[in-house]
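Next comes model.cif, a file with mmCIF, C-alpha atoms.
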```cif
data_target
#
loop_
_atom_site.label_atom_id
_atom_site.label_comp_id
_atom_site.auth_asym_id
_atom_site.auth_seq_id
_atom_site.Cartn_x
_atom_site.Cartn_y
_atom_site.Cartn_z
CA MET A 1 -6.72 60.17 -59.76
CA ASP A 2 -3.34 58.80 -60.89
CA PHE A 3 -2.14 55.20 -60.51
CA GLN A 4 -0.56 55.67 -57.10
CA GLU A 5 -3.64 57.45 -55.78
CA SER A 6 -5.81 54.63 -57.10
CA LEU A 7 -3.60 52.05 -55.35
CA ASP A 8 -3.78 54.03 -52.13
CA TYR A 9 -7.56 53.96 -52.40
CA LEU A 10 -7.71 50.25 -53.26
CA TYR A 11 -5.40 49.18 -50.47
CA GLY A 12 -7.29 51.50 -48.14
CA LEU A 13 -10.32 49.27 -48.74
CA GLN A 14 -8.52 46.59 -46.77
CA LYS A 15 -9.83 48.34 -43.68
CA PHE A 16 -13.03 46.43 -44.43
CA GLY A 17 -10.98 43.23 -44.05
CA ILE A 18 -12.01 39.96 -45.65
CA LYS A 19 -15.80 39.82 -45.78
CA LEU A 20 -16.99 36.63 -47.40
CA GLY A 21 -20.36 37.25 -49.03
CA LEU A 22 -21.89 38.17 -52.37
CA ASP A 23 -24.26 41.07 -51.66
CA ASN A 24 -21.77 43.87 -52.32
CA ILE A 25 -20.23 42.41 -55.48
CA ARG A 26 -23.66 41.58 -56.89
CA ALA A 27 -24.78 45.15 -56.28
CA LEU A 28 -21.67 46.50 -57.99
CA LEU A 29 -22.06 44.26 -61.02
CA ALA A 30 -25.76 45.10 -61.33
CA ARG A 31 -24.93 48.82 -61.37
CA LEU A 32 -22.33 48.13 -64.08
CA GLY A 33 -24.88 46.31 -66.26
CA GLN A 34 -23.66 42.75 -65.52
CA PRO A 35 -20.42 42.84 -67.54
CA GLU A 36 -19.65 39.20 -66.63
CA ARG A 37 -22.50 38.06 -68.91
CA SER A 38 -20.70 39.35 -72.02
CA TYR A 39 -18.27 36.43 -72.36
CA GLY A 40 -17.72 32.82 -71.39
CA VAL A 41 -16.32 32.36 -67.89
CA ILE A 42 -14.24 29.47 -66.61
CA HIS A 43 -14.27 29.58 -62.80
CA VAL A 44 -11.31 27.93 -61.04
CA GLY A 45 -11.33 27.16 -57.31
CA GLY A 46 -9.50 24.78 -55.01
CA THR A 47 -6.43 25.20 -52.80
CA ASN A 48 -3.23 24.48 -54.72
CA GLY A 49 -2.56 24.78 -58.43
CA LYS A 50 -5.34 27.27 -59.21
CA GLY A 51 -3.02 29.83 -60.76
CA SER A 52 -1.19 27.25 -62.86
CA VAL A 53 -4.46 25.81 -64.17
CA CYS A 54 -5.70 29.32 -65.01
CA ALA A 55 -2.47 30.25 -66.76
CA GLY A 56 -2.41 26.99 -68.70
CA LEU A 57 -6.01 27.26 -69.84
CA ALA A 58 -5.66 30.92 -70.79
CA ARG A 59 -2.65 30.06 -72.94
CA ILE A 60 -4.43 27.14 -74.64
CA LEU A 61 -7.39 29.39 -75.48
CA ARG A 62 -5.06 32.06 -76.85
CA GLU A 63 -3.30 29.48 -79.02
CA ALA A 64 -6.76 28.51 -80.32
CA GLY A 65 -7.27 32.09 -81.50
CA TYR A 66 -9.55 33.38 -78.76
CA ARG A 67 -9.28 36.68 -76.92
CA VAL A 68 -8.81 35.76 -73.27
CA GLY A 69 -9.06 37.58 -69.95
CA LEU A 70 -7.17 36.23 -66.94
CA TYR A 71 -7.87 37.27 -63.33
CA THR A 72 -5.56 35.90 -60.62
CA SER A 73 -4.23 36.82 -57.20
CA PRO A 74 -2.02 37.73 -55.52
CA HIS A 75 0.42 39.56 -57.77
CA LEU A 76 4.19 39.31 -57.54
CA HIS A 77 5.39 42.83 -58.38
CA SER A 78 2.56 45.03 -59.61
CA PHE A 79 -1.17 45.14 -58.99
CA THR A 80 -1.63 45.25 -62.77
CA GLU A 81 -0.54 41.58 -63.06
CA ARG A 82 -3.86 40.50 -61.56
CA ILE A 83 -5.89 41.54 -64.62
CA GLN A 84 -4.62 40.51 -68.07
CA VAL A 85 -5.98 40.25 -71.59
CA ASP A 86 -4.07 38.03 -74.00
CA GLY A 87 -1.07 38.08 -71.67
CA GLU A 88 -0.98 41.88 -71.43
CA ALA A 89 -1.50 43.35 -67.98
CA ILE A 90 -4.01 46.13 -67.50
CA SER A 91 -2.25 49.50 -67.74
CA GLU A 92 -1.68 51.78 -64.78
CA THR A 93 -3.76 54.45 -66.53
CA GLN A 94 -6.67 52.04 -66.91
CA VAL A 95 -6.48 51.06 -63.25
CA ALA A 96 -6.73 54.71 -62.26
CA LEU A 97 -9.67 55.36 -64.60
CA TYR A 98 -11.57 52.25 -63.48
CA THR A 99 -10.95 53.07 -59.83
CA ASP A 100 -12.44 56.52 -60.30
CA GLU A 101 -15.42 55.09 -62.18
CA LEU A 102 -16.07 52.29 -59.70
CA ARG A 103 -15.85 54.65 -56.74
CA ARG A 104 -18.74 56.63 -58.21
CA VAL A 105 -20.72 53.49 -59.03
CA ALA A 106 -20.14 51.91 -55.62
CA GLY A 107 -21.43 54.97 -53.77
CA ASP A 108 -21.91 54.04 -50.13
CA THR A 109 -21.52 50.28 -50.73
CA PRO A 110 -18.65 49.21 -48.41
CA ALA A 111 -16.83 47.06 -50.98
CA THR A 112 -13.68 45.25 -49.90
CA PHE A 113 -10.39 45.31 -51.82
CA PHE A 114 -11.11 41.96 -53.50
CA GLU A 115 -14.72 42.82 -54.37
CA PHE A 116 -13.60 46.09 -55.94
CA THR A 117 -10.80 44.52 -57.96
CA THR A 118 -13.06 41.65 -59.10
CA ALA A 119 -15.57 44.17 -60.45
CA MET A 120 -12.70 46.01 -62.14
CA ALA A 121 -11.51 42.84 -63.85
CA LEU A 122 -14.96 41.82 -65.07
CA LEU A 123 -15.62 45.31 -66.44
CA HIS A 124 -12.21 45.45 -68.14
CA PHE A 125 -12.83 42.10 -69.83
CA GLN A 126 -16.15 43.32 -71.19
CA ARG A 127 -14.65 46.50 -72.58
CA ARG A 128 -11.74 44.63 -74.16
CA GLN A 129 -14.30 42.29 -75.75
CA VAL A 130 -12.82 39.03 -74.60
CA ASP A 131 -14.28 35.72 -75.76
CA TYR A 132 -13.43 33.94 -72.51
CA ALA A 133 -12.40 35.02 -69.02
CA VAL A 134 -10.54 32.65 -66.71
CA LEU A 135 -11.24 33.60 -63.08
CA GLU A 136 -9.29 32.34 -60.10
CA VAL A 137 -11.19 32.15 -56.81
CA GLY A 138 -9.59 34.32 -54.14
CA MET A 139 -10.54 32.36 -51.02
CA GLY A 140 -12.99 29.55 -50.40
CA GLY A 141 -15.56 29.62 -53.15
CA ARG A 142 -19.13 29.73 -51.90
CA LEU A 143 -18.87 33.30 -50.66
CA ASP A 144 -15.89 34.49 -52.72
CA ALA A 145 -16.53 37.59 -54.83
CA THR A 146 -15.83 35.71 -58.06
CA ASN A 147 -18.81 33.45 -57.28
CA ALA A 148 -21.11 36.30 -58.27
CA VAL A 149 -20.71 34.89 -61.79
CA GLU A 150 -23.93 32.90 -62.05
CA ARG A 151 -23.42 30.83 -65.21
CA PRO A 152 -19.81 29.94 -65.99
CA ARG A 153 -19.16 27.65 -68.94
CA VAL A 154 -17.12 25.32 -66.74
CA SER A 155 -16.29 25.12 -63.03
CA VAL A 156 -12.94 23.70 -61.90
CA ILE A 157 -11.80 22.57 -58.45
CA THR A 158 -8.10 21.83 -58.03
CA SER A 159 -6.60 19.78 -55.19
CA ILE A 160 -7.91 20.78 -51.77
CA CYS A 161 -5.89 20.94 -48.56
CA ARG A 162 -5.89 23.02 -45.37
CA ASP A 163 -5.35 26.73 -45.90
CA HIS A 164 -7.01 29.94 -44.64
CA THR A 165 -8.33 27.86 -41.74
CA VAL A 166 -9.40 30.97 -39.81
CA HIS A 167 -12.02 31.64 -42.48
CA LEU A 168 -12.65 28.16 -43.93
CA GLY A 169 -12.26 25.84 -40.94
CA PHE A 170 -9.77 23.09 -40.21
CA GLU A 171 -11.68 19.99 -41.27
CA LEU A 172 -11.13 18.99 -44.89
CA GLN A 173 -14.80 18.19 -45.41
CA ALA A 174 -15.77 21.70 -44.27
CA ILE A 175 -13.14 23.27 -46.52
CA ALA A 176 -14.34 21.13 -49.44
CA ALA A 177 -17.91 22.28 -48.85
CA GLU A 178 -16.80 25.92 -49.07
CA LYS A 179 -14.67 25.29 -52.17
CA GLY A 180 -17.53 23.31 -53.72
CA GLY A 181 -19.76 26.34 -53.40
CA ILE A 182 -18.72 27.35 -56.92
CA ILE A 183 -20.54 24.31 -58.37
CA LYS A 184 -23.51 25.61 -60.37
CA ASP A 185 -26.73 23.97 -61.55
CA GLU A 186 -26.00 21.78 -64.59
CA VAL A 187 -22.64 23.48 -65.24
CA PRO A 188 -19.88 20.94 -66.08
CA LEU A 189 -17.39 20.43 -63.26
CA ILE A 190 -13.74 19.39 -63.66
CA VAL A 191 -12.16 18.09 -60.43
CA GLY A 192 -8.49 17.56 -59.65
CA ARG A 193 -7.12 14.60 -57.72
CA GLN A 194 -8.46 14.66 -54.15
CA SER A 195 -8.49 12.68 -50.93
CA PRO A 196 -11.49 10.31 -50.68
CA GLN A 197 -13.35 12.40 -48.11
CA VAL A 198 -13.05 15.50 -50.31
CA VAL A 199 -14.25 13.61 -53.40
CA ASP A 200 -17.34 12.44 -51.49
CA VAL A 201 -18.25 16.01 -50.50
CA LEU A 202 -17.76 17.38 -54.02
CA LEU A 203 -19.69 14.56 -55.69
CA ASP A 204 -22.60 15.03 -53.28
CA LEU A 205 -22.70 18.74 -54.07
CA ALA A 206 -22.51 18.08 -57.81
CA ARG A 207 -25.34 15.52 -57.66
CA GLY A 208 -27.50 18.04 -55.82
CA ARG A 209 -26.92 20.57 -58.59
CA LYS A 210 -27.10 18.05 -61.45
CA ALA A 211 -23.64 19.15 -62.54
CA PRO A 212 -21.84 16.62 -64.75
CA VAL A 213 -18.46 15.74 -63.20
CA ARG A 214 -15.14 14.64 -64.64
CA LEU A 215 -12.54 13.49 -62.11
CA CYS A 216 -8.78 13.51 -62.64
CA GLY A 217 -7.55 9.94 -62.35
CA ARG A 218 -10.95 8.49 -63.26
CA ASP A 219 -12.12 10.26 -66.41
CA PHE A 220 -8.93 11.97 -67.56
CA GLY A 221 -5.39 12.58 -66.43
CA PRO A 222 -1.68 12.60 -67.16
CA ARG A 223 0.58 9.63 -67.62
CA PHE A 224 4.32 9.31 -67.89
CA ASP A 225 5.87 9.78 -71.31
CA VAL A 226 9.63 9.50 -71.95
CA SER A 227 9.57 12.76 -73.91
CA GLY A 228 7.48 14.76 -71.42
CA PHE A 229 4.03 13.65 -70.39
CA ALA A 230 0.92 12.36 -72.09
CA TYR A 231 -2.70 13.36 -71.56
CA THR A 232 -5.56 10.89 -71.75
CA GLY A 233 -8.97 12.52 -71.98
CA SER A 234 -12.47 11.34 -72.74
CA GLU A 235 -12.06 12.13 -76.44
CA LEU A 236 -8.40 12.98 -76.97
CA GLN A 237 -5.04 11.35 -76.47
CA LEU A 238 -2.04 13.70 -76.56
CA ASP A 239 1.42 12.14 -76.38
CA GLY A 240 4.83 13.78 -76.05
CA LEU A 241 3.61 17.00 -74.41
CA ARG A 242 6.47 19.31 -73.40
CA PRO A 243 5.17 21.50 -70.59
CA GLY A 244 6.46 25.00 -70.01
CA LEU A 245 5.98 24.49 -66.25
CA VAL A 246 8.44 22.47 -64.16
CA GLY A 247 7.46 19.59 -61.88
CA ALA A 248 5.39 16.42 -62.15
CA HIS A 249 2.53 18.10 -60.25
CA GLN A 250 2.19 20.53 -63.16
CA HIS A 251 1.26 17.57 -65.35
CA GLU A 252 -1.81 17.25 -63.13
CA ASN A 253 -2.56 20.97 -63.33
CA LEU A 254 -2.14 21.11 -67.09
CA SER A 255 -4.33 18.02 -67.42
CA LEU A 256 -7.09 19.98 -65.69
CA ALA A 257 -6.62 22.79 -68.21
CA LEU A 258 -6.75 20.27 -71.07
CA ALA A 259 -9.90 18.70 -69.62
CA VAL A 260 -11.55 22.14 -69.58
CA ALA A 261 -10.47 22.65 -73.19
CA GLU A 262 -12.11 19.33 -74.08
CA GLU A 263 -15.32 20.41 -72.37
CA LEU A 264 -15.30 23.74 -74.23
CA ARG A 265 -14.83 21.80 -77.48
CA ARG A 266 -18.00 19.87 -76.64
CA GLN A 267 -19.73 23.23 -76.19
CA GLY A 268 -18.66 24.28 -79.69
CA ALA A 269 -15.32 26.01 -79.18
CA THR A 270 -12.72 25.48 -81.88
CA ILE A 271 -9.72 24.21 -79.95
CA THR A 272 -7.50 21.90 -81.93
CA PRO A 273 -5.08 19.35 -80.48
CA ALA A 274 -2.31 21.49 -81.97
CA ALA A 275 -3.53 24.51 -79.95
CA MET A 276 -3.62 22.38 -76.80
CA ARG A 277 -0.10 21.14 -77.42
CA ALA A 278 1.18 24.66 -78.14
CA GLY A 279 -0.55 26.10 -75.06
CA VAL A 280 0.98 23.50 -72.75
CA ALA A 281 4.43 24.26 -74.15
CA ALA A 282 4.11 28.05 -74.05
CA VAL A 283 2.60 28.57 -70.59
CA ARG A 284 4.69 30.31 -67.93
CA TRP A 285 3.75 31.07 -64.32
CA PRO A 286 6.48 32.99 -62.43
CA GLY A 287 7.24 32.12 -58.84
CA ARG A 288 6.02 28.54 -59.04
CA LEU A 289 8.98 26.13 -59.26
CA GLU A 290 10.78 28.83 -61.20
CA TRP A 291 14.47 28.36 -61.86
CA TRP A 292 15.72 31.92 -61.95
CA ALA A 293 17.04 32.80 -65.41
CA ASP A 294 16.97 29.06 -66.25
CA GLN A 295 20.33 28.66 -64.49
CA ARG A 296 19.25 25.98 -61.98
CA ARG A 297 21.01 27.75 -59.13
CA VAL A 298 18.12 29.65 -57.48
CA LEU A 299 14.70 27.99 -57.24
CA LEU A 300 11.66 30.12 -56.40
CA ASP A 301 8.39 28.56 -55.26
CA GLY A 302 5.29 30.02 -53.66
CA ALA A 303 4.53 26.95 -51.50
CA HIS A 304 2.72 28.33 -48.43
CA ASN A 305 0.68 25.42 -47.04
CA GLU A 306 1.10 21.72 -46.35
CA GLY A 307 -0.02 20.67 -49.83
CA GLY A 308 2.34 23.04 -51.59
CA ALA A 309 5.21 22.10 -49.31
CA GLY A 310 4.63 18.42 -50.01
CA VAL A 311 4.71 19.00 -53.77
CA LEU A 312 7.89 21.05 -53.45
CA ALA A 313 9.53 18.35 -51.32
CA SER A 314 8.74 15.75 -53.97
CA TYR A 315 10.37 17.93 -56.60
CA LEU A 316 13.49 18.45 -54.48
CA GLU A 317 13.83 14.67 -54.25
CA THR A 318 14.35 14.59 -58.03
CA LEU A 319 17.38 16.92 -57.95
CA ALA A 320 20.00 14.16 -57.77
CA GLY A 321 20.95 14.76 -54.14
CA LYS A 322 21.90 18.44 -54.49
CA ARG A 323 22.27 20.23 -51.17
CA VAL A 324 19.60 22.87 -50.70
CA ARG A 325 19.96 26.14 -48.77
CA TRP A 326 16.48 27.37 -47.93
CA VAL A 327 15.53 31.04 -47.58
CA VAL A 328 12.22 30.82 -45.71
CA GLY A 329 9.60 33.29 -44.53
CA ILE A 330 5.97 32.52 -43.69
CA LYS A 331 2.83 34.62 -43.25
CA GLY A 332 1.49 34.90 -39.74
CA ASP A 333 -1.83 33.18 -40.52
CA LYS A 334 -0.12 29.97 -41.69
CA ASP A 335 0.87 26.90 -39.69
CA PRO A 336 4.67 26.93 -39.97
CA GLN A 337 5.12 23.32 -38.89
CA SER A 338 2.97 22.02 -41.74
CA ILE A 339 5.26 23.83 -44.19
CA LEU A 340 8.55 23.00 -42.49
CA ALA A 341 7.92 19.30 -41.84
CA PRO A 342 7.87 18.04 -45.46
CA LEU A 343 10.83 20.18 -46.50
CA LEU A 344 13.32 19.96 -43.63
CA PRO A 345 14.54 16.47 -44.66
CA GLN A 346 15.38 17.88 -48.11
CA VAL A 347 17.39 20.95 -47.05
CA SER A 348 20.82 21.41 -45.49
CA ALA A 349 20.49 24.88 -43.91
CA LEU A 350 17.85 27.54 -43.36
CA TYR A 351 18.03 31.34 -43.67
CA CYS A 352 14.98 32.52 -41.74
CA THR A 353 13.41 35.88 -42.48
CA VAL A 354 10.02 37.54 -42.99
CA PRO A 355 7.92 38.19 -46.10
CA PRO A 356 7.36 41.92 -46.67
CA LEU A 357 4.17 41.89 -44.58
CA GLU A 358 3.12 43.25 -41.23
CA ASP A 359 1.92 39.84 -40.08
CA ALA A 360 4.61 37.15 -40.32
CA VAL A 361 5.87 34.20 -38.30
CA ALA A 362 8.88 35.35 -36.26
CA PRO A 363 12.09 34.10 -37.93
CA ALA A 364 13.36 32.98 -34.53
CA ILE A 365 10.45 30.52 -34.32
CA LEU A 366 11.36 29.07 -37.71
CA ALA A 367 15.03 28.83 -36.73
CA ALA A 368 14.23 27.07 -33.47
CA ALA A 369 12.06 24.51 -35.26
CA ALA A 370 14.79 23.88 -37.83
CA GLU A 371 17.51 23.43 -35.22
CA ALA A 372 15.29 21.06 -33.23
CA ALA A 373 15.13 18.94 -36.39
CA GLY A 374 18.91 19.01 -36.74
CA ARG A 375 19.18 21.66 -39.41
CA PRO A 376 21.39 24.75 -38.89
CA ALA A 377 19.49 28.01 -39.16
CA ARG A 378 20.18 31.73 -38.96
CA VAL A 379 17.88 34.73 -38.67
CA TYR A 380 17.82 37.76 -41.00
CA ASN A 381 15.84 40.97 -41.02
CA SER A 382 14.89 40.89 -44.71
CA CYS A 383 14.66 38.59 -47.68
CA ARG A 384 17.45 40.53 -49.35
CA GLU A 385 19.84 39.87 -46.45
CA ALA A 386 18.85 36.21 -46.17
CA LEU A 387 19.18 35.55 -49.90
CA ALA A 388 22.54 37.32 -50.10
CA ALA A 389 23.83 35.19 -47.20
CA ALA A 390 22.54 31.97 -48.79
CA GLU A 391 24.21 32.88 -52.07
CA ALA A 392 27.51 33.58 -50.32
CA ASP A 393 27.39 30.16 -48.63
CA CYS A 394 26.24 28.25 -51.71
CA GLY A 395 28.77 25.76 -53.08
CA GLU A 396 29.18 24.57 -56.64
CA ASP A 397 26.86 21.58 -56.25
CA GLU A 398 24.30 23.39 -54.10
CA ILE A 399 21.21 25.40 -54.85
CA VAL A 400 19.33 28.18 -53.08
CA LEU A 401 15.60 27.68 -52.52
CA VAL A 402 13.23 30.56 -51.72
CA ALA A 403 9.84 29.32 -50.47
CA GLY A 404 7.19 29.74 -47.80
CA SER A 405 5.24 32.68 -49.20
CA LEU A 406 4.54 34.22 -52.59
CA TYR A 407 5.25 37.59 -50.98
CA LEU A 408 8.71 36.30 -50.07
CA VAL A 409 9.21 35.05 -53.63
CA ALA A 410 8.26 38.48 -54.94
CA ALA A 411 10.86 40.12 -52.69
CA ALA A 412 13.46 37.60 -53.87
CA ARG A 413 12.67 38.28 -57.53
CA GLU A 414 13.07 42.02 -56.96
CA TYR A 415 16.50 41.39 -55.43
CA LEU A 416 17.48 39.12 -58.31
CA LEU A 417 16.24 41.65 -60.86
CA SER A 418 18.25 44.40 -59.18
CA GLY A 419 21.54 42.89 -60.38
CA GLU A 420 22.95 42.60 -56.85
CA SER A 421 22.73 38.81 -56.82
CA THR A 422 26.09 37.04 -57.21
CA ILE A 423 24.67 33.63 -58.14
CA SER A 424 22.31 34.86 -60.85
CA ALA A 425 25.11 36.91 -62.38
CA GLN A 426 27.33 33.86 -62.79
CA GLY A 427 25.39 32.70 -65.83
#
```
Mind converting the file's structure to structure tokens?
Amino acid sequence: MDFQESLDYLYGLQKFGIKLGLDNIRALLARLGQPERSYGVIHVGGTNGKGSVCAGLARILREAGYRVGLYTSPHLHSFTERIQVDGEAISETQVALYTDELRRVAGDTPATFFEFTTAMALLHFQRRQVDYAVLEVGMGGRLDATNAVERPRVSVITSICRDHTVHLGFELQAIAAEKGGIIKDEVPLIVGRQSPQVVDVLLDLARGRKAPVRLCGRDFGPRFDVSGFAYTGSELQLDGLRPGLVGAHQHENLSLALAVAEELRRQGATITPAAMRAGVAAVRWPGRLEWWADQRRVLLDGAHNEGGAGVLASYLETLAGKRVRWVVGIKGDKDPQSILAPLLPQVSALYCTVPPLEDAVAPAILAAAAEAAGRPARVYNSCREALAAAEADCGEDEIVLVAGSLYLVAAAREYLLSGESTISAQG
């Protein structure tokens, strides 16, 4: 089996859909000899900011001299991005070999795409002899495949908002209960800033499991610093941090990563303040408030729910009144109004298209909503066409924003990498 054949097999597993439950992944891991028990796991759930927290923590641990596995989803350009060790993606050859091996091990177990790839990641981390693995929850938490890890060193829950409502429900308390399913007996829990009703649910779950809790804003957190931002923890005070990620909300995310690092220090890990400082500065996470080629002309952001759109809108407010031309496309399972509403006041025109998916909100629906709010909008068949049109219209004091879906951001990055972009070539 070569890489393309392995991808065909993996994506073919999507015929099983999204099946939330742990029986299949537990069976797979048992047949593999429980590879997830070979290293320390940090398990990161929540709604928004999970990937940034994972990337930040992985970088801090690397700066501290540890060998670190990182498992995230979705990917931007290649499946291999999902599984990394010390910043190096798994090779295509390894994906093919693991796929062949796991097919034999799985036998007649009807594993889903995410269960299969989770098992692949955990096995790869064992064989690469990592010290720590940072795992991002795929969806929910309680029944997510990553929750087969029984004893993480630390559990993390980032900010929670409405997303994947078909599977997780619409009420925030119900969503919080699902996300809080990753809380384990007596395992330390780090919690991002939440609405009061979400905090109540998470604290109740933690009390029931005797899990010690540290809350952002109560026990640790960021504060403004003229040279960047400062972190105040239970044991450490770090001033003048210069984050590698853009946006004030990333101060919150990186504070969660620093709080985890503090907890690991209490467990005996050797993580110096210098390593924390270096990790915060060195972390990168493409597609999340990413200024393409650092030129501040094209801004890429994976905001795809109301929470992400609100954070993006707050960032746009800081751009000194620049006019924003928005290339937008949204997955079909999202609520488009919850994404459009926070952002429409910040943009001057919309270029409505579709992410490269079978299921997407019709661009005409997005355009109609924009025009009803007094914003001109046009419809395009592809991200490439929409982005090219936005670039052609973009004036000297304007920027182009691409947001609404990480899949759309990936398509935009491929266009920008192709060299066809006129804005990105201006330097």
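Closest approach to Leu76 of chain A among A:Thr422, A:Thr47, A:Ser405, A:Asn147: A:Ser405, based on only C-alpha atoms.
Separating atom CA of Ala206 of chain A from atom CA of Ala261 of chain A is a distance of 20.1 Å.
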Go ahead and find all residues with at least one atom no further than 9 Å from (-15.5, 18.7, -45.5) in the file's coordinates, using all atoms listed in the file; report them as a VMD selection string. chain A and resid 170 to 178 197 to 198 200 to 202
Distance query segment 385-396 of chain A at most 12 Å, all atoms listed in the file, self and fewer than 5 positions along chain excluded, as a PyMOL selection string: chain A and resi 296-300+322-329+348-355+363+377-380+401-403+408-409+411-416+419-426
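If you look at atom CA of Leu97 of chain A and atom CA of Phe113 of chain A, they are 16.3 Å away from each other.
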Go through A:Ile83, A:Ala410, A:Leu28, A:Ala309 one by one, measure the shortest atom-to-atom distance of each to Asp335 of chain A using only C-alpha atoms, and give the residue with the smallest value. A:Ala309
List as JSON, numbers by chain the residues having at least one atom at most 9 Å from position (-8.5, 36.8, -76.5) as given in the file, counting all atoms listed in the file. {"A": [58, 61, 62, 65, 66, 67, 68, 69, 85, 86, 87, 128, 129, 130, 131, 132, 133]}
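Minimum distance to Trp285 of chain A across A:Gly51, A:Pro336, A:Gly180, A:Gly308 (counting all atoms listed in the file) occurs at A:Gly51.
Proximity to Gly192 of chain A was assessed for A:Gly56, A:Gly244, A:Gly46, A:Pro342 counting only C-alpha atoms; the smallest distance is recorded for A:Gly46.
You can rank A:Ala293, A:Gln250, A:Glu186, A:Gln84 by their closest distance to Leu205 of chain A using all atoms listed in the file, and at the top of that list sits A:Glu186.
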Fewer than 5 positions away in the same chain doesn't count, so skip those; otherwise give me all residues within 10 Å of Pro273 of chain A, counting only C-alpha atoms, as an MDAnalysis selection string. chainID A and resid 60 64 236:238 258 261:262 278:279
Rebuild segment 170-175 of chain A so that it carries all heavy atoms, then output the result as a JSON list (two decimals), in the coordinates of the input.
```
[["chain", "number", "residue", "atom", "x", "y", "z"],
["A", 170, "PHE", "N", -10.94, 23.97, -40.21],
["A", 170, "PHE", "CA", -9.77, 23.09, -40.21],
["A", 170, "PHE", "C", -10.08, 21.73, -40.83],
["A", 170, "PHE", "O", -9.20, 21.07, -41.37],
["A", 170, "PHE", "CB", -9.25, 22.90, -38.77],
["A", 170, "PHE", "CG", -7.92, 22.22, -38.70],
["A", 170, "PHE", "CD1", -6.76, 22.93, -38.94],
["A", 170, "PHE", "CD2", -7.85, 20.86, -38.41],
["A", 170, "PHE", "CE1", -5.52, 22.30, -38.88],
["A", 170, "PHE", "CE2", -6.61, 20.22, -38.35],
["A", 170, "PHE", "CZ", -5.44, 20.95, -38.58],
["A", 171, "GLU", "N", -11.31, 21.30, -40.74],
["A", 171, "GLU", "CA", -11.68, 19.99, -41.27],
["A", 171, "GLU", "C", -11.76, 20.02, -42.80],
["A", 171, "GLU", "O", -12.36, 20.92, -43.38],
["A", 171, "GLU", "CB", -13.02, 19.54, -40.70],
["A", 171, "GLU", "CG", -13.01, 19.31, -39.20],
["A", 171, "GLU", "CD", -12.03, 18.20, -38.80],
["A", 171, "GLU", "OE1", -11.92, 17.21, -39.56],
["A", 171, "GLU", "OE2", -11.37, 18.35, -37.75],
["A", 172, "LEU", "N", -11.16, 19.02, -43.43],
["A", 172, "LEU", "CA", -11.13, 18.99, -44.89],
["A", 172, "LEU", "C", -12.53, 18.97, -45.50],
["A", 172, "LEU", "O", -12.78, 19.59, -46.54],
["A", 172, "LEU", "CB", -10.34, 17.77, -45.38],
["A", 172, "LEU", "CG", -8.82, 17.94, -45.49],
["A", 172, "LEU", "CD1", -8.18, 16.64, -45.97],
["A", 172, "LEU", "CD2", -8.46, 19.09, -46.44],
["A", 173, "GLN", "N", -13.45, 18.25, -44.86],
["A", 173, "GLN", "CA", -14.80, 18.19, -45.41],
["A", 173, "GLN", "C", -15.45, 19.57, -45.41],
["A", 173, "GLN", "O", -16.15, 19.93, -46.36],
["A", 173, "GLN", "CB", -15.67, 17.20, -44.63],
["A", 173, "GLN", "CG", -15.29, 15.75, -44.82],
["A", 173, "GLN", "CD", -14.31, 15.26, -43.76],
["A", 173, "GLN", "OE1", -13.54, 16.06, -43.22],
["A", 173, "GLN", "NE2", -14.35, 13.98, -43.46],
["A", 174, "ALA", "N", -15.21, 20.36, -44.34],
["A", 174, "ALA", "CA", -15.77, 21.70, -44.27],
["A", 174, "ALA", "C", -15.14, 22.61, -45.32],
["A", 174, "ALA", "O", -15.83, 23.41, -45.97],
["A", 174, "ALA", "CB", -15.56, 22.29, -42.87],
["A", 175, "ILE", "N", -13.82, 22.47, -45.50],
["A", 175, "ILE", "CA", -13.14, 23.27, -46.52],
["A", 175, "ILE", "C", -13.66, 22.89, -47.91],
["A", 175, "ILE", "O", -13.93, 23.76, -48.74],
["A", 175, "ILE", "CB", -11.61, 23.05, -46.43],
["A", 175, "ILE", "CG1", -11.09, 23.56, -45.09],
["A", 175, "ILE", "CG2", -10.89, 23.73, -47.59],
["A", 175, "ILE", "CD1", -9.64, 23.20, -44.82]]
```
